[in-house]
Amino acid sequence: MNRFATLLVEPASLLPPRYFDLPESTKLSTRALESFLASVEAKAFRMAQIALRHDEDALDAVQDAMLRLVRRYSQRPAAEWRPLFYRILENCVRDVQRRRSVRGRVFTWYQRAFGEDGTEVEADPLERVRDPSPHPATQAQIDQTLEALDAALARLPARQRQAFLLRNLEGLDVAATALAMGCSEGSVKTHYFRALHTLREELGEYWS
Amino acid sequence: MSEQQDRESTEFVRRTEELLARSAQQLPARIRSRLTRARYAALDQHAAGAPRRWARWLPAGAAAAMVLAVLIVQAPRPGAELAHGSAGSNEDIEMLADSGAYALAQDQLSQDGEVDYEFYDWAVSTEREERGGETGS
């Protein structure tokens, strides 16, 4: 139980009532998992989104990664969850890419327009909610730079992109990145510096 | 790598980190909502794998149910008991209801409390004679 202690120091999230009648140990591990998943989900989504260049596919990959982590590794010490989760996420991203190459464009269009069972998919009401943040010229500039960064990252080889994002978006150190990528620390450094070199060359004009 | 290039790299990384962090923090509400749902789907799966608190009483409950079932099966049924004893009971009730039976029984006893066998012999022979008369006619 002590292995969850570090995660519980973070602001505790309240579990929904349906988890109240769980045994105490399960409640504790559920809360720890909840904190962990909440801490990684946005960054994980961005990584998947950059790799797949598609929101729905990225969401699918993140959800799949969450389910696999919980199913297979929830009993492992919480300190191991982060690198494990990102390794799973990379596999899920690769699965989505593989599926994409199999299904045709027409089928994809049909599925998005009408859903899997042929009924028309209702738009998420949240899509209609206006973003309250203002969009001044600086925001437009940031959006443009971010778009260029996303595109440049997407063009990188998968291992280089993974090393760059795990270091600079998730903030993992070299050792944890190596664990997440399933390679040596030396390989991480090589992938990282190659990515950095390519990105600097491509994005020079946006950074000047 | 020169010191100038080093400084530029560090600045590039800092700006990239800042941009990526901001993009993760400012996800649209629709995406955040979907991620929350995905998180709870995973947590539901985790919770489903664990026994609920009430489930700890299941073995005791099952044992109690089994004992109850055995008691119900083994207990004598009220209908069956009546069927068994119905003939004897009816005779007893008839005897009790017959007010002259006790006096008759007392009459059959001799003064010293012994059974008067001559009376029974007489009663049986009288009965036979009557039946013989009926069949003969």
# chains A, B, ... in the order shown; residues from 1 in each chain; ligands from 1

$ closest_atom_pairs --of "chain A" --to "chain B" --cutoff "7 Å" --atoms "only C-alpha atoms" --output "CSV"
residue,atom,partner,partner_atom,distance
A:Asp21,CA,B:Arg53,CA,5.5
A:Leu22,CA,B:Arg52,CA,4.8
A:Pro23,CA,B:Arg53,CA,5.2
A:Thr26,CA,B:Ala50,CA,6.7
A:Thr30,CA,B:Leu43,CA,6.5
A:Glu34,CA,B:Leu43,CA,7.0
A:Leu37,CA,B:Arg39,CA,6.4
A:Glu41,CA,B:Leu35,CA,6.6
A:Ala42,CA,B:Ala24,CA,5.4
A:Lys43,CA,B:Ala24,CA,5.5
A:Arg46,CA,B:Ala24,CA,6.3
A:Gln63,CA,B:Ala38,CA,5.1
A:Met66,CA,B:Ala42,CA,6.0
A:Leu67,CA,B:Ala42,CA,4.8
A:Val70,CA,B:His46,CA,6.1
A:Arg71,CA,B:His46,CA,6.9
A:Leu126,CA,B:Arg30,CA,5.1
A:Glu127,CA,B:Arg30,CA,5.8
A:Leu146,CA,B:Leu19,CA,6.7
A:Asn168,CA,B:Glu17,CA,5.3
A:Leu169,CA,B:Glu17,CA,6.0

$ residues_around --residues "range 191-205 of chain A" --least-positions-apart "4" --cutoff "6 Å" --atoms "only C-alpha atoms" --output "JSON, numbers by chain"
{"A": [160, 163, 164]}

$ write_last_selection --atoms "N, CA, C and O atoms" --output "short mmCIF file (atom, residue, chain, number, x, y, z; two decimals), in the first residue's frame"
data_model
loop_
_atom_site.label_atom_id
_atom_site.label_comp_id
_atom_site.auth_asym_id
_atom_site.auth_seq_id
_atom_site.Cartn_x
_atom_site.Cartn_y
_atom_site.Cartn_z
N GLN A 160 12.71 8.88 -32.83
CA GLN A 160 13.21 10.21 -32.52
C GLN A 160 12.10 11.07 -31.89
O GLN A 160 12.32 11.78 -30.92
N ALA A 163 11.45 9.92 -28.32
CA ALA A 163 12.49 10.37 -27.38
C ALA A 163 12.35 11.85 -27.09
O ALA A 163 12.42 12.28 -25.93
N PHE A 164 12.08 12.64 -28.12
CA PHE A 164 11.96 14.09 -27.94
C PHE A 164 10.76 14.43 -27.05
O PHE A 164 10.86 15.25 -26.13
#

$ atom_distance --atom1 "CA of Leu69 in chain A" --atom2 "CA of Leu33 in chain A"
9.7 Å

$ residues_around --residues "Leu153 in chain A" --least-positions-apart "4" --cutoff "7 Å" --atoms "only C-alpha atoms" --output "PDB file with C-alpha atoms, in the first residue's frame"
ATOM      1  CA  ILE A  50       1.173  14.472 -33.033  1.00  0.00           C
ATOM      2  CA  LEU A 149       6.072  22.142 -34.448  1.00  0.00           C
ATOM      3  CA  ARG A 161       9.796  11.751 -31.958  1.00  0.00           C
TER       4      ARG A 161
END
